[in-house]
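*Asks:* Hey, dropping work.cif in here, mmCIF, C-alpha atoms:
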```cif
data_target
#
loop_
_atom_site.label_atom_id
_atom_site.label_comp_id
_atom_site.auth_asym_id
_atom_site.auth_seq_id
_atom_site.Cartn_x
_atom_site.Cartn_y
_atom_site.Cartn_z
CA MET C 1 -33.50 11.80 16.78
CA ALA C 2 -30.86 9.06 16.96
CA GLU C 3 -27.11 9.76 17.14
CA PRO C 4 -25.70 11.66 14.16
CA ILE C 5 -23.55 10.00 11.52
CA ASP C 6 -19.94 11.14 11.89
CA PHE C 7 -18.40 12.02 8.52
CA TYR C 8 -14.60 12.41 8.73
CA PHE C 9 -12.83 13.68 5.65
CA ASP C 10 -9.95 15.65 4.22
CA PHE C 11 -10.90 18.31 1.65
CA GLY C 12 -8.06 17.02 -0.54
CA SER C 13 -9.55 13.54 -0.90
CA PRO C 14 -11.44 12.89 -4.13
CA PHE C 15 -13.50 10.07 -2.64
CA ALA C 16 -14.45 12.39 0.24
CA TYR C 17 -15.73 14.87 -2.33
CA ILE C 18 -17.87 12.15 -3.94
CA ALA C 19 -19.13 11.10 -0.49
CA SER C 20 -19.94 14.74 0.35
CA THR C 21 -22.48 14.76 -2.48
CA GLN C 22 -24.25 11.68 -1.05
CA ILE C 23 -24.08 11.62 2.73
CA ASP C 24 -26.64 14.32 3.63
CA GLN C 25 -29.36 12.60 1.57
CA ILE C 26 -28.46 9.26 3.17
CA GLY C 27 -28.77 10.85 6.61
CA ALA C 28 -32.06 12.51 5.66
CA ARG C 29 -33.54 9.21 4.42
CA HIS C 30 -32.92 7.73 7.86
CA ALA C 31 -33.72 10.81 9.99
CA ARG C 32 -30.09 11.21 11.05
CA ASP C 33 -28.03 14.34 11.25
CA VAL C 34 -24.58 14.19 9.72
CA ARG C 35 -21.70 15.67 11.71
CA TRP C 36 -19.13 16.89 9.18
CA ARG C 37 -15.60 16.49 10.55
CA PRO C 38 -12.73 17.69 8.35
CA TYR C 39 -9.37 16.54 9.66
CA LEU C 40 -5.80 16.54 8.37
CA MET C 41 -5.17 13.16 6.78
CA GLY C 42 -1.49 14.04 6.33
CA VAL C 43 -1.08 14.00 10.11
CA ALA C 44 -2.74 10.58 10.27
CA PHE C 45 -0.44 9.33 7.49
CA LYS C 46 2.61 10.49 9.42
CA GLN C 47 1.45 8.69 12.56
CA THR C 48 0.46 5.44 10.85
CA GLY C 49 3.14 5.26 8.15
CA LEU C 50 0.48 5.07 5.43
CA THR C 51 1.20 6.45 1.96
CA PRO C 52 -1.11 8.72 -0.06
CA LEU C 53 -2.98 6.55 -2.57
CA LEU C 54 -1.76 8.33 -5.68
CA ASP C 55 1.90 7.96 -4.66
CA VAL C 56 1.84 4.15 -4.71
CA PRO C 57 3.25 2.49 -7.87
CA LEU C 58 0.57 0.78 -10.06
CA LYS C 59 -2.11 1.58 -7.47
CA GLY C 60 -1.68 5.30 -8.20
CA ASP C 61 -2.21 4.88 -11.96
CA TYR C 62 -5.25 2.70 -11.40
CA SER C 63 -6.63 5.08 -8.80
CA ARG C 64 -6.57 8.11 -11.10
CA ARG C 65 -8.74 6.15 -13.51
CA ASP C 66 -10.93 4.74 -10.73
CA ILE C 67 -11.56 8.19 -9.23
CA GLU C 68 -12.83 9.69 -12.51
CA ARG C 69 -14.87 6.58 -13.28
CA SER C 70 -16.35 6.55 -9.76
CA ALA C 71 -17.36 10.20 -10.05
CA ARG C 72 -19.18 9.38 -13.30
CA PHE C 73 -20.68 6.27 -11.66
CA TYR C 74 -22.22 8.49 -8.98
CA GLY C 75 -23.23 11.10 -11.57
CA VAL C 76 -21.05 13.74 -9.96
CA GLU C 77 -19.17 16.53 -11.76
CA PHE C 78 -15.42 16.10 -11.36
CA ARG C 79 -12.18 17.47 -12.70
CA MET C 80 -8.78 16.38 -11.40
CA PRO C 81 -7.31 19.60 -9.92
CA SER C 82 -4.14 20.97 -11.47
CA VAL C 83 -2.73 21.71 -7.99
CA PHE C 84 -2.62 18.35 -6.16
CA PRO C 85 -2.25 17.31 -3.39
CA LEU C 86 -4.20 20.01 -1.61
CA HIS C 87 -2.86 21.76 1.48
CA SER C 88 -6.15 21.48 3.38
CA VAL C 89 -5.33 23.36 6.62
CA ALA C 90 -6.94 26.70 5.69
CA ALA C 91 -10.12 25.09 4.32
CA SER C 92 -10.48 22.91 7.43
CA ARG C 93 -9.97 25.84 9.79
CA ALA C 94 -12.50 27.93 7.88
CA PHE C 95 -15.01 25.10 8.23
CA TYR C 96 -14.69 24.97 12.03
CA TRP C 97 -14.86 28.76 12.23
CA ALA C 98 -18.08 28.81 10.17
CA GLU C 99 -19.62 25.83 11.94
CA ALA C 100 -19.01 27.36 15.37
CA GLN C 101 -21.38 30.16 14.36
CA ASP C 102 -23.96 28.11 12.51
CA VAL C 103 -23.95 24.41 11.61
CA GLU C 104 -25.66 25.07 8.27
CA ALA C 105 -23.13 27.74 7.34
CA GLY C 106 -20.35 25.23 8.01
CA ARG C 107 -21.94 22.67 5.74
CA ARG C 108 -22.64 25.25 3.03
CA LEU C 109 -19.00 26.33 3.13
CA ALA C 110 -17.80 22.72 3.00
CA HIS C 111 -19.87 22.01 -0.12
CA ALA C 112 -18.59 25.22 -1.72
CA LEU C 113 -14.96 24.34 -0.94
CA PHE C 114 -15.31 20.79 -2.29
CA ARG C 115 -16.92 22.11 -5.45
CA ALA C 116 -14.35 24.87 -5.95
CA TYR C 117 -11.48 22.40 -5.71
CA TRP C 118 -12.91 19.26 -7.37
CA VAL C 119 -15.08 20.82 -10.07
CA ASP C 120 -13.82 24.36 -10.76
CA ASP C 121 -10.10 23.62 -10.32
CA ILE C 122 -9.58 26.42 -7.79
CA ASP C 123 -6.66 25.85 -5.41
CA VAL C 124 -8.34 26.22 -2.01
CA GLY C 125 -5.02 25.74 -0.25
CA LYS C 126 -4.60 29.48 0.42
CA ALA C 127 -6.45 31.42 3.12
CA GLU C 128 -7.31 34.29 0.71
CA THR C 129 -8.92 31.87 -1.74
CA VAL C 130 -10.85 30.13 1.04
CA ALA C 131 -12.15 33.53 2.18
CA GLU C 132 -13.34 34.26 -1.38
CA ILE C 133 -15.24 30.96 -1.46
CA ALA C 134 -16.70 31.80 1.96
CA THR C 135 -18.07 35.05 0.53
CA GLY C 136 -19.79 33.06 -2.21
CA ALA C 137 -21.32 30.88 0.53
CA GLY C 138 -22.82 33.97 2.23
CA LEU C 139 -20.12 34.45 4.86
CA ASP C 140 -18.02 37.50 5.63
CA ARG C 141 -14.61 37.60 3.99
CA ASP C 142 -12.70 39.44 6.72
CA ALA C 143 -14.36 37.51 9.53
CA CYS C 144 -13.38 34.29 7.76
CA LEU C 145 -9.74 35.43 7.42
CA ALA C 146 -9.70 36.36 11.11
CA GLY C 147 -11.33 33.03 11.98
CA MET C 148 -8.66 31.01 10.18
CA ALA C 149 -5.98 32.91 12.13
CA ASP C 150 -7.76 32.47 15.49
CA ALA C 151 -5.82 30.33 17.98
CA ALA C 152 -9.04 28.67 19.23
CA VAL C 153 -9.94 27.59 15.68
CA LYS C 154 -6.42 26.24 15.10
CA ASP C 155 -6.66 24.30 18.37
CA ARG C 156 -10.05 22.95 17.34
CA LEU C 157 -8.67 21.50 14.08
CA ARG C 158 -5.73 19.97 15.93
CA ALA C 159 -8.11 18.44 18.49
CA GLU C 160 -10.41 17.07 15.77
CA THR C 161 -7.46 15.52 13.94
CA ASP C 162 -6.08 13.95 17.11
CA GLY C 163 -9.56 12.75 18.06
CA ALA C 164 -10.06 11.18 14.64
CA ILE C 165 -6.78 9.27 14.88
CA ARG C 166 -7.64 8.13 18.42
CA ARG C 167 -10.94 6.76 17.09
CA GLY C 168 -9.04 4.76 14.46
CA VAL C 169 -9.69 7.00 11.45
CA PHE C 170 -6.92 6.43 8.89
CA GLY C 171 -8.49 7.39 5.57
CA SER C 172 -11.01 9.64 3.88
CA PRO C 173 -13.98 9.49 3.80
CA PHE C 174 -14.52 7.65 7.07
CA PHE C 175 -17.89 7.25 8.79
CA PHE C 176 -19.19 6.14 12.17
CA VAL C 177 -22.78 4.99 12.57
CA ASP C 178 -23.59 4.29 16.23
CA GLY C 179 -19.91 3.53 16.80
CA GLU C 180 -19.51 1.23 13.77
CA PRO C 181 -16.62 2.38 11.50
CA PHE C 182 -16.90 2.47 7.70
CA TRP C 183 -14.04 3.52 5.41
CA GLY C 184 -14.54 4.66 1.83
CA VAL C 185 -17.26 5.96 -0.42
CA ASP C 186 -17.71 2.35 -1.56
CA ARG C 187 -18.96 1.47 1.93
CA LEU C 188 -21.97 3.81 1.62
CA PRO C 189 -24.25 0.87 0.70
CA GLN C 190 -23.19 -0.77 3.98
CA VAL C 191 -23.70 2.52 5.87
CA GLU C 192 -27.18 2.69 4.43
CA ARG C 193 -28.05 -0.90 5.30
CA TRP C 194 -26.66 -0.36 8.83
CA LEU C 195 -28.96 2.63 9.22
CA GLU C 196 -31.91 0.54 8.00
CA THR C 197 -31.24 -2.53 10.14
CA GLY C 198 -29.16 -1.36 13.10
CA GLY C 199 -26.42 -3.82 12.11
CA TRP C 200 -26.30 -7.35 10.76
CA MET N 1 -20.36 -14.29 -27.00
CA ALA N 2 -18.38 -11.18 -26.02
CA GLU N 3 -14.94 -11.27 -24.40
CA PRO N 4 -14.81 -13.05 -21.03
CA ILE N 5 -14.44 -11.17 -17.76
CA ASP N 6 -10.93 -11.72 -16.34
CA PHE N 7 -11.04 -12.48 -12.61
CA TYR N 8 -7.58 -12.26 -11.00
CA PHE N 9 -7.29 -13.35 -7.40
CA ASP N 10 -5.15 -14.90 -4.71
CA PHE N 11 -6.76 -17.77 -2.78
CA GLY N 12 -5.51 -16.16 0.43
CA SER N 13 -7.53 -12.96 -0.10
CA PRO N 14 -10.80 -12.74 1.85
CA PHE N 15 -12.33 -10.23 -0.55
CA ALA N 16 -11.44 -12.55 -3.44
CA TYR N 17 -13.37 -15.30 -1.66
CA ILE N 18 -16.40 -13.02 -1.37
CA ALA N 19 -16.05 -12.05 -5.04
CA SER N 20 -15.79 -15.73 -6.02
CA THR N 21 -19.31 -16.25 -4.71
CA GLN N 22 -20.67 -13.43 -6.93
CA ILE N 23 -18.76 -13.20 -10.19
CA ASP N 24 -20.14 -16.22 -12.07
CA GLN N 25 -23.73 -15.04 -11.59
CA ILE N 26 -22.73 -11.53 -12.71
CA GLY N 27 -21.14 -13.02 -15.84
CA ALA N 28 -24.19 -15.21 -16.48
CA ARG N 29 -26.57 -12.22 -16.20
CA HIS N 30 -24.66 -10.54 -19.01
CA ALA N 31 -23.86 -13.60 -21.14
CA ARG N 32 -20.16 -13.39 -20.36
CA ASP N 33 -17.78 -16.17 -19.46
CA VAL N 34 -15.53 -15.54 -16.47
CA ARG N 35 -11.87 -16.47 -16.82
CA TRP N 36 -10.61 -17.37 -13.34
CA ARG N 37 -6.95 -16.38 -12.92
CA PRO N 38 -5.31 -17.20 -9.58
CA TYR N 39 -1.94 -15.48 -9.20
CA LEU N 40 0.54 -14.96 -6.38
CA MET N 41 -0.19 -11.59 -4.83
CA GLY N 42 2.93 -11.90 -2.66
CA VAL N 43 5.06 -11.64 -5.80
CA ALA N 44 3.15 -8.52 -6.87
CA PHE N 45 3.65 -7.03 -3.38
CA LYS N 46 7.39 -7.64 -3.61
CA GLN N 47 7.58 -5.92 -6.99
CA THR N 48 5.42 -2.92 -6.07
CA GLY N 49 6.46 -2.43 -2.44
CA LEU N 50 2.83 -2.77 -1.30
CA THR N 51 2.04 -4.15 2.15
CA PRO N 52 -0.56 -6.83 2.94
CA LEU N 53 -3.70 -5.08 4.20
CA LEU N 54 -3.81 -6.76 7.58
CA ASP N 55 -0.21 -5.79 8.39
CA VAL N 56 -0.89 -2.05 8.27
CA PRO N 57 -1.42 -0.31 11.65
CA LEU N 58 -5.04 0.87 12.26
CA LYS N 59 -6.03 -0.25 8.74
CA GLY N 60 -5.41 -3.86 9.73
CA ASP N 61 -7.70 -3.69 12.78
CA TYR N 62 -10.42 -2.00 10.77
CA SER N 63 -10.02 -4.46 7.92
CA ARG N 64 -10.56 -7.52 10.11
CA ARG N 65 -13.90 -6.04 11.12
CA ASP N 66 -14.71 -4.88 7.60
CA ILE N 67 -14.03 -8.33 6.11
CA GLU N 68 -16.43 -10.12 8.45
CA ARG N 69 -19.05 -7.42 8.07
CA SER N 70 -18.69 -7.48 4.27
CA ALA N 71 -19.14 -11.25 4.19
CA ARG N 72 -22.37 -10.85 6.17
CA PHE N 73 -23.40 -7.96 3.90
CA TYR N 74 -23.13 -10.30 0.89
CA GLY N 75 -24.82 -13.11 2.81
CA VAL N 76 -21.74 -15.32 2.51
CA GLU N 77 -20.53 -17.85 5.10
CA PHE N 78 -17.15 -16.83 6.48
CA ARG N 79 -14.75 -17.72 9.25
CA MET N 80 -11.36 -16.05 9.66
CA PRO N 81 -8.89 -18.94 9.17
CA SER N 82 -6.64 -19.87 12.07
CA VAL N 83 -3.66 -20.23 9.68
CA PHE N 84 -3.22 -16.84 8.02
CA PRO N 85 -1.77 -15.63 5.70
CA LEU N 86 -2.21 -18.54 3.29
CA HIS N 87 0.68 -19.92 1.28
CA SER N 88 -1.32 -20.09 -1.95
CA VAL N 89 1.19 -21.68 -4.35
CA ALA N 90 -0.12 -25.27 -4.15
CA ALA N 91 -3.77 -24.25 -4.51
CA SER N 92 -2.99 -22.03 -7.50
CA ARG N 93 -0.96 -24.75 -9.23
CA ALA N 94 -3.73 -27.28 -8.65
CA PHE N 95 -6.19 -24.87 -10.24
CA TYR N 96 -4.14 -24.53 -13.45
CA TRP N 97 -3.60 -28.30 -13.54
CA ALA N 98 -7.37 -28.93 -13.25
CA GLU N 99 -8.34 -26.17 -15.65
CA ALA N 100 -5.97 -27.46 -18.34
CA GLN N 101 -8.06 -30.61 -18.44
CA ASP N 102 -11.49 -29.09 -18.10
CA VAL N 103 -12.49 -25.47 -17.45
CA GLU N 104 -15.43 -26.51 -15.30
CA ALA N 105 -13.25 -28.80 -13.17
CA GLY N 106 -10.92 -25.86 -12.56
CA ARG N 107 -13.76 -23.66 -11.40
CA ARG N 108 -15.23 -26.42 -9.24
CA LEU N 109 -11.86 -26.91 -7.56
CA ALA N 110 -11.43 -23.15 -7.04
CA HIS N 111 -14.81 -22.92 -5.30
CA ALA N 112 -13.95 -25.95 -3.13
CA LEU N 113 -10.57 -24.46 -2.16
CA PHE N 114 -12.05 -21.07 -1.29
CA ARG N 115 -14.73 -22.76 0.81
CA ALA N 116 -12.30 -25.10 2.57
CA TYR N 117 -10.09 -22.20 3.61
CA TRP N 118 -12.59 -19.38 4.28
CA VAL N 119 -15.50 -21.39 5.70
CA ASP N 120 -14.18 -24.69 7.04
CA ASP N 121 -10.85 -23.35 8.37
CA ILE N 122 -8.78 -25.95 6.50
CA ASP N 123 -5.22 -24.81 5.74
CA VAL N 124 -5.02 -25.33 1.97
CA GLY N 125 -1.38 -24.26 1.95
CA LYS N 126 -0.12 -27.85 1.71
CA ALA N 127 -0.17 -29.96 -1.46
CA GLU N 128 -1.60 -33.01 0.37
CA THR N 129 -4.52 -30.97 1.69
CA VAL N 130 -5.16 -29.46 -1.74
CA ALA N 131 -5.23 -32.98 -3.23
CA GLU N 132 -7.82 -34.02 -0.61
CA ILE N 133 -10.01 -31.06 -1.57
CA ALA N 134 -9.56 -32.00 -5.23
CA THR N 135 -10.91 -35.47 -4.47
CA GLY N 136 -13.99 -33.88 -2.95
CA ALA N 137 -14.39 -31.87 -6.16
CA GLY N 138 -14.40 -35.07 -8.23
CA LEU N 139 -10.76 -35.03 -9.29
CA ASP N 140 -8.09 -37.69 -8.86
CA ARG N 141 -5.88 -37.31 -5.80
CA ASP N 142 -2.65 -38.72 -7.24
CA ALA N 143 -3.07 -36.96 -10.58
CA CYS N 144 -3.56 -33.69 -8.68
CA LEU N 145 -0.38 -34.25 -6.63
CA ALA N 146 1.54 -35.02 -9.83
CA GLY N 147 0.01 -31.97 -11.50
CA MET N 148 1.17 -29.62 -8.74
CA ALA N 149 4.71 -31.00 -9.13
CA ASP N 150 4.67 -30.71 -12.94
CA ALA N 151 7.18 -28.18 -14.32
CA ALA N 152 4.72 -27.02 -17.00
CA VAL N 153 2.11 -26.23 -14.33
CA LYS N 154 4.69 -24.37 -12.24
CA ASP N 155 5.69 -22.36 -15.29
CA ARG N 156 2.07 -21.60 -16.04
CA LEU N 157 1.50 -20.09 -12.58
CA ARG N 158 4.69 -18.04 -12.89
CA ALA N 159 3.59 -16.80 -16.31
CA GLU N 160 0.09 -15.92 -15.06
CA THR N 161 1.56 -14.01 -12.12
CA ASP N 162 4.00 -12.11 -14.34
CA GLY N 163 1.24 -11.45 -16.85
CA ALA N 164 -1.06 -10.12 -14.13
CA ILE N 165 1.61 -7.70 -12.88
CA ARG N 166 2.33 -6.58 -16.45
CA ARG N 167 -1.38 -5.78 -16.87
CA GLY N 168 -1.25 -3.62 -13.75
CA VAL N 169 -2.88 -6.05 -11.31
CA PHE N 170 -1.77 -5.15 -7.77
CA GLY N 171 -4.54 -6.48 -5.55
CA SER N 172 -7.17 -9.15 -5.14
CA PRO N 173 -9.81 -9.48 -6.47
CA PHE N 174 -9.04 -7.62 -9.68
CA PHE N 175 -11.22 -7.68 -12.80
CA PHE N 176 -10.95 -6.66 -16.43
CA VAL N 177 -14.06 -6.07 -18.52
CA ASP N 178 -13.15 -5.35 -22.15
CA GLY N 179 -9.80 -4.01 -20.96
CA GLU N 180 -11.23 -1.80 -18.19
CA PRO N 181 -9.61 -2.57 -14.78
CA PHE N 182 -11.63 -2.85 -11.55
CA TRP N 183 -10.05 -3.53 -8.16
CA GLY N 184 -11.97 -4.87 -5.18
CA VAL N 185 -15.19 -6.67 -4.42
CA ASP N 186 -16.68 -3.23 -3.77
CA ARG N 187 -16.27 -2.41 -7.46
CA LEU N 188 -18.66 -5.20 -8.51
CA PRO N 189 -21.54 -2.69 -8.88
CA GLN N 190 -19.33 -0.79 -11.34
CA VAL N 191 -18.38 -4.04 -13.12
CA GLU N 192 -22.06 -4.81 -13.48
CA ARG N 193 -22.95 -1.37 -14.80
CA TRP N 194 -20.01 -1.53 -17.23
CA LEU N 195 -21.37 -4.83 -18.55
CA GLU N 196 -24.84 -3.27 -18.94
CA THR N 197 -23.72 -0.07 -20.62
CA GLY N 198 -20.34 -0.76 -22.22
CA GLY N 199 -18.82 2.04 -20.14
CA TRP N 200 -19.90 5.50 -19.03
#
```
What would the structure in this file look like if it were written as structure tokens?
*Replies:*
Amino acid sequence: MAEPIDFYFDFGSPFAYIASTQIDQIGARHARDVRWRPYLMGVAFKQTGLTPLLDVPLKGDYSRRDIERSARFYGVEFRMPSVFPLHSVAASRAFYWAEAQDVEAGRRLAHALFRAYWVDDIDVGKAETVAEIATGAGLDRDACLAGMADAAVKDRLRAETDGAIRRGVFGSPFFFVDGEPFWGVDRLPQVERWLETGGW
Amino acid sequence: MAEPIDFYFDFGSPFAYIASTQIDQIGARHARDVRWRPYLMGVAFKQTGLTPLLDVPLKGDYSRRDIERSARFYGVEFRMPSVFPLHSVAASRAFYWAEAQDVEAGRRLAHALFRAYWVDDIDVGKAETVAEIATGAGLDRDACLAGMADAAVKDRLRAETDGAIRRGVFGSPFFFVDGEPFWGVDRLPQVERWLETGGW
């Protein structure tokens, strides 16, 4: 099998949520694994001086509308969360804890966390809430809580975030296909054509 | 015929150039006129505090690559101009001068200006150069020069720019379909579906 697709995202990004409902099928259509890579976009913003989309005048108002319209365009359930922005540290740590045991468990937890936050309006910013979601995804509540507090897991998230920034990741979702970078759910048609053609 | 599609753009925007090669056919497929509306994005940036895409760290490097790849994705000829950014005042004034006489002449000139700058690497920032391009588009050189210097034409561009900002336009290309705003060439699939369905 060829190199996996790298899928960088922050759980608090609405376009990452939309992408999360599409990327595994895109990978499957082209016999590629997808490596899910949550990272902390807030750290990237601090290092690059970028501003969260919804905080920009005019652009923020448009973007709220564009996000809901884009979710409907992709046929994806969506509700703007009442607690926003999301503090995504606990969710991201839980992902790396789960993935270290079993790649499929990590992915299952990631889907459950995205859905809890972006469909069911559950604030997944707290470790206790993340552990509840983990239980629903077939994982052990106490082991998940211990995992999020584990120094090795914390280091892993820091390393993934630093690594993402070093690779030039500055937004969410962000993909690499054989080293080629693609930013945004609206680049998925280009990701797909790249997978079909090997570049153009 | 239903309301026209409003197509706001700055001649100095590469994604506007790509959109300019697509939007008339999209309009034609859905029996809609397209109202071409050049405006000065620099004025919008000053009012909103936004930064030109290519000036942002990391994002700028990615965007250079994304622009060339997107042009190839759409099958559009493209060469990054050696003079960039473009001072788009003269080109925009010439457009409104030409359009006031004949809508088709305006559109023909707009296509010629986009092509001169984004394919043939001609700096269309100067009035003399714009007048040369106008000649190639079947317009009169001296009349074009006089048009760009005409106070009524200058006022028209100012009014279009102010009007765009009042409508919430903050980028390029930017479209309205029956009042619904769409930003970016990557929203053309949504524009097209909106035209097909009347919204979703």
*Asks:* Using the chain letters and numbering of this document, enumerate as a PDB file with C-alpha atoms, in the coordinates of the input the residues selected by the PyMOL selection byres ((chain N) within 12 of (chain C)).
*Replies:*
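For reference, expr_32.pdb as written:
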```pdb
ATOM      1  CA  ALA N  44       3.150  -8.520  -6.870  1.00  0.00           C
ATOM      2  CA  PHE N  45       3.650  -7.030  -3.380  1.00  0.00           C
ATOM      3  CA  LYS N  46       7.390  -7.640  -3.610  1.00  0.00           C
ATOM      4  CA  GLN N  47       7.580  -5.920  -6.990  1.00  0.00           C
ATOM      5  CA  THR N  48       5.420  -2.920  -6.070  1.00  0.00           C
ATOM      6  CA  GLY N  49       6.460  -2.430  -2.440  1.00  0.00           C
ATOM      7  CA  LEU N  50       2.830  -2.770  -1.300  1.00  0.00           C
ATOM      8  CA  THR N  51       2.040  -4.150   2.150  1.00  0.00           C
ATOM      9  CA  LEU N  53      -3.700  -5.080   4.200  1.00  0.00           C
ATOM     10  CA  ASP N  55      -0.210  -5.790   8.390  1.00  0.00           C
ATOM     11  CA  VAL N  56      -0.890  -2.050   8.270  1.00  0.00           C
ATOM     12  CA  PRO N  57      -1.420  -0.310  11.650  1.00  0.00           C
ATOM     13  CA  LEU N  58      -5.040   0.870  12.260  1.00  0.00           C
ATOM     14  CA  LYS N  59      -6.030  -0.250   8.740  1.00  0.00           C
ATOM     15  CA  GLY N  60      -5.410  -3.860   9.730  1.00  0.00           C
ATOM     16  CA  ASP N  61      -7.700  -3.690  12.780  1.00  0.00           C
ATOM     17  CA  TYR N  62     -10.420  -2.000  10.770  1.00  0.00           C
ATOM     18  CA  SER N  63     -10.020  -4.460   7.920  1.00  0.00           C
ATOM     19  CA  ARG N  64     -10.560  -7.520  10.110  1.00  0.00           C
ATOM     20  CA  ARG N  65     -13.900  -6.040  11.120  1.00  0.00           C
ATOM     21  CA  ASP N  66     -14.710  -4.880   7.600  1.00  0.00           C
ATOM     22  CA  ILE N  67     -14.030  -8.330   6.110  1.00  0.00           C
ATOM     23  CA  GLU N  68     -16.430 -10.120   8.450  1.00  0.00           C
ATOM     24  CA  ARG N  69     -19.050  -7.420   8.070  1.00  0.00           C
ATOM     25  CA  SER N  70     -18.690  -7.480   4.270  1.00  0.00           C
ATOM     26  CA  ALA N  71     -19.140 -11.250   4.190  1.00  0.00           C
ATOM     27  CA  ARG N  72     -22.370 -10.850   6.170  1.00  0.00           C
ATOM     28  CA  PHE N  73     -23.400  -7.960   3.900  1.00  0.00           C
ATOM     29  CA  TYR N  74     -23.130 -10.300   0.890  1.00  0.00           C
ATOM     30  CA  GLY N  75     -24.820 -13.110   2.810  1.00  0.00           C
ATOM     31  CA  ALA N 164      -1.060 -10.120 -14.130  1.00  0.00           C
ATOM     32  CA  ILE N 165       1.610  -7.700 -12.880  1.00  0.00           C
ATOM     33  CA  ARG N 166       2.330  -6.580 -16.450  1.00  0.00           C
ATOM     34  CA  ARG N 167      -1.380  -5.780 -16.870  1.00  0.00           C
ATOM     35  CA  GLY N 168      -1.250  -3.620 -13.750  1.00  0.00           C
ATOM     36  CA  VAL N 169      -2.880  -6.050 -11.310  1.00  0.00           C
ATOM     37  CA  PHE N 170      -1.770  -5.150  -7.770  1.00  0.00           C
ATOM     38  CA  GLY N 171      -4.540  -6.480  -5.550  1.00  0.00           C
ATOM     39  CA  PHE N 174      -9.040  -7.620  -9.680  1.00  0.00           C
ATOM     40  CA  GLU N 180     -11.230  -1.800 -18.190  1.00  0.00           C
ATOM     41  CA  PRO N 181      -9.610  -2.570 -14.780  1.00  0.00           C
ATOM     42  CA  PHE N 182     -11.630  -2.850 -11.550  1.00  0.00           C
ATOM     43  CA  TRP N 183     -10.050  -3.530  -8.160  1.00  0.00           C
ATOM     44  CA  GLY N 184     -11.970  -4.870  -5.180  1.00  0.00           C
ATOM     45  CA  VAL N 185     -15.190  -6.670  -4.420  1.00  0.00           C
ATOM     46  CA  ASP N 186     -16.680  -3.230  -3.770  1.00  0.00           C
ATOM     47  CA  ARG N 187     -16.270  -2.410  -7.460  1.00  0.00           C
ATOM     48  CA  LEU N 188     -18.660  -5.200  -8.510  1.00  0.00           C
ATOM     49  CA  PRO N 189     -21.540  -2.690  -8.880  1.00  0.00           C
ATOM     50  CA  GLN N 190     -19.330  -0.790 -11.340  1.00  0.00           C
ATOM     51  CA  VAL N 191     -18.380  -4.040 -13.120  1.00  0.00           C
ATOM     52  CA  GLU N 192     -22.060  -4.810 -13.480  1.00  0.00           C
ATOM     53  CA  ARG N 193     -22.950  -1.370 -14.800  1.00  0.00           C
ATOM     54  CA  TRP N 194     -20.010  -1.530 -17.230  1.00  0.00           C
ATOM     55  CA  THR N 197     -23.720  -0.070 -20.620  1.00  0.00           C
ATOM     56  CA  GLY N 199     -18.820   2.040 -20.140  1.00  0.00           C
ATOM     57  CA  TRP N 200     -19.900   5.500 -19.030  1.00  0.00           C
TER      58      TRP N 200
END
```
*Asks:* Exactly which residues make up the result of the PyMOL selection byres ((chain N and resi 130) around 10) on this file, given as a PyMOL selection string?
*Replies:* chain N and resi 90-95+109+112-113+116+122-129+131-136+141+144-145+148
*Asks:* Residues at most 10 Å from Ala31 of chain N, counting all atoms listed in the file, excluding those fewer than 5 positions away in the same chain, as a list in words?
*Replies:*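 With the cut-off at 10 Å, the set is Met1, Ala2, Glu3, Pro4, Gln25, Ile26 and Leu195 of chain N.
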*Asks:* Name the residues in contact with segment 11-23 of chain C at a cut-off of 6 Å, using all atoms listed in the file, excluding same-chain residues fewer than 5 positions from it; report them as an MDAnalysis selection string.
*Replies:* chainID C and resid 86 88 114 172:173 185
*Asks:* Write the residues of the selection above to a file with C-alpha atoms, as a PDB file, in the frame of the given file.
*Replies:*
```
ATOM      1  CA  LEU C  86      -4.200  20.010  -1.610  1.00  0.00           C
ATOM      2  CA  SER C  88      -6.150  21.480   3.380  1.00  0.00           C
ATOM      3  CA  PHE C 114     -15.310  20.790  -2.290  1.00  0.00           C
ATOM      4  CA  SER C 172     -11.010   9.640   3.880  1.00  0.00           C
ATOM      5  CA  PRO C 173     -13.980   9.490   3.800  1.00  0.00           C
ATOM      6  CA  VAL C 185     -17.260   5.960  -0.420  1.00  0.00           C
TER       7      VAL C 185
END
```
*Asks:* Which one is closest to Ala105 of chain N: N:Val83, N:Ala151, N:Leu139, N:Leu40? Count only C-alpha atoms.
*Replies:* N:Leu139
*Asks:* Smallest atom-to-atom distance to Ala110 of chain C: which of C:Gly179, C:Pro81, C:Pro38, C:Gly198, using all atoms listed in the file?
*Replies:*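 Of the candidates, the smallest distance to Ala110 of chain C is held by C:Pro38.
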*Asks:* How far is it from atom CA of Asp120 of chain N to atom CA of Leu157 of chain N, in Å with one decimal?
*Replies:* 25.5 Å
*Asks:* Enclose all atoms of segment 164-169 of chain C listed in the file in an axis-aligned box, grow every side by 8 Å, and hand back centre and edge lengths in Å to one decimal, as JSON.
*Replies:*
```
{"center_x": -8.9, "center_y": 8.0, "center_z": 14.9, "size_x": 20.2, "size_y": 22.4, "size_z": 23.0}
```
*Asks:* Enter the distance from atom CA of Glu104 of chain N to atom CA of Phe78 of chain N, in Å, rounded to one decimal.
*Replies:*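 Separating atom CA of Glu104 of chain N from atom CA of Phe78 of chain N is a distance of 23.9 Å.
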*Asks:* By how many Å are atom CA of Arg108 of chain N and atom CA of Val177 of chain N apart?
*Replies:* 22.4 Å
*Asks:* Compare C:Gly27, C:Pro52, C:Pro85, C:Gly147 by their minimum atom-to-atom distance to Ala98 of chain C, counting all atoms listed in the file, and give me the closest one.
*Replies:*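 For Ala98 of chain C, the nearest of the given residues is C:Gly147.
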